Amino acid sequence: RIFMHFQKDIEAVQKLYTNQKDDPPVERDLPPMAGKISWSRQLLRRLQEPMEALCKASPELLQETEVKRVVKKYNKTARVLLEFEVVYHQAWTQQVEICRAGLQASLFVRHPETQQVFLNFDPQILALMRESECMGRMGLEVPANAQLLRAKQHLLKENYDKLQLLLLEEQRVCKKIPPILAALMTPYVGVVEQVMDPGFHSLTWLSL
């Protein structure tokens, strides 16, 4: 009878997984990938802990036909939840490689039409650093490239803030130049652009 009640718990978890697997609820303090893995682990714990307790308390029941069916259903559900974790961890690992490549891009990029300068920085990189921290705390493997990004986390954020401020200040000053003085200020603007030029070609986020 105890195992029959446990079977209902398994079915409840299966239903919850089926309904929420495409968009699982994520805890507020967790980033998306780590949050999804945490969700699947919580579902697994809901079954794993009572299963272990039942096996320890009544091992003789494991030989009964009905109980074997329940155990089989449990194993199948646990396998699905573990596969969910593996899939999302692998997807995150692939994201790490993509973001690592992004950090080898130039610091600045110019809009082809307006010629306005922007920082060439993928916001996903900051999210990935947070993911790395959470994945490590959860005991999951953190690739070498992700560890490198974590080590450079504060430096990257600091450089991002400084360069963003630089661009905003440059744009603010240029907007204050009256049209009548534009030609006169061209050499000075050119000096600034010359100083910034390596940021378009040779400097990358990882080279700073």
# chains A, B, ... in the order shown; residues from 1 in each chain; ligands from 1
$ closest_atom_pairs --of "stretch 116-135 of chain A" --to "stretch 33-56 of chain A" --cutoff "9 Å" --atoms "only C-alpha atoms" --output "tab-separated table"
residue	atom	partner	partner_atom	distance
A:Glu131	CA	A:Ala34	CA	6.2
A:Ser132	CA	A:Ala34	CA	8.7
A:Cys134	CA	A:Ala34	CA	6.3
A:Met135	CA	A:Ala34	CA	6.1
$ write_last_selection --atoms "N, CA and C atoms" --output "short mmCIF file (atom, residue, chain, number, x, y, z; two decimals), in the first residue's frame"
data_model
loop_
_atom_site.label_atom_id
_atom_site.label_comp_id
_atom_site.auth_asym_id
_atom_site.auth_seq_id
_atom_site.Cartn_x
_atom_site.Cartn_y
_atom_site.Cartn_z
N GLU A 131 25.71 32.34 -14.61
CA GLU A 131 25.42 30.91 -14.78
C GLU A 131 26.60 30.06 -14.27
N SER A 132 27.81 30.48 -14.62
CA SER A 132 29.01 29.74 -14.22
C SER A 132 29.10 29.62 -12.71
N CYS A 134 26.64 29.76 -10.54
CA CYS A 134 25.58 28.89 -10.03
C CYS A 134 25.84 27.42 -10.37
N MET A 135 26.32 27.18 -11.59
CA MET A 135 26.61 25.80 -12.00
C MET A 135 27.67 25.19 -11.08
#
$ residues_around --residues "A:Val173" --least-positions-apart "4" --cutoff "12 Å" --atoms "only C-alpha atoms" --output "VMD selection string"
chain A and resid 166 to 169 177 to 178 182 185 188 to 189 192
$ residues_around --residues "A:Asn159" --least-positions-apart "5" --cutoff "9 Å" --atoms "only C-alpha atoms" --output "JSON, numbers by chain"
{"A": [154, 164, 205, 208]}
$ residues_around --residues "A:Val142" --least-positions-apart "4" --cutoff "12 Å" --atoms "only C-alpha atoms" --output "list of chain:residue names"
A:Ala34, A:His89, A:Gln90, A:Trp92, A:Thr93, A:Gln94, A:Val96, A:Glu97, A:Leu128, A:Met129, A:Arg130, A:Glu131, A:Ser132, A:Glu133, A:Cys134, A:Met135, A:Gly136, A:Arg137, A:Met138, A:Ala146, A:Gln147, A:Leu148, A:Leu149, A:Arg150
$ residues_around --residues "A:Leu163" --least-positions-apart "6" --cutoff "12 Å" --atoms "only C-alpha atoms" --output "list in words"
Leu107, Phe108, Val117, Phe118, Leu119, Asn120, Phe121, Leu156, Lys157, Glu169, Glu170, Met196, Gly199, Trp205 and Leu208 of chain A
$ select_by_dssp --residues "stretch 6-186 of chain A" --states "strand (DSSP E or B)" --output "list in words"
Ser106, Phe108, Val109, Arg110, Val117, Phe118 and Leu119 of chain A
$ select_by_dssp --residues "chain A" --states "helix (DSSP H, G or I)" --output "PyMOL selection string"
chain A and resi 2-20+32-57+59-63+65-102+124-137+144-151+153-176+179-196+198-201
$ atom_distance --atom1 "atom CA of A:Gln115" --atom2 "atom CA of A:Cys174"
13.1 Å
$ residues_around --residues "A:Gln104" --least-positions-apart "6" --cutoff "9 Å" --atoms "only C-alpha atoms" --output "PyMOL selection string"
chain A and resi 203-207
$ closest_residue --among "A:Glu85, A:Leu16, A:Lys175, A:Phe3" --to "A:Glu141" --atoms "only C-alpha atoms"
A:Glu85
$ closest_residue --among "A:Ile2, A:Ala144, A:Leu61, A:Ile125" --to "A:Tyr160" --atoms "only C-alpha atoms"
A:Ile125
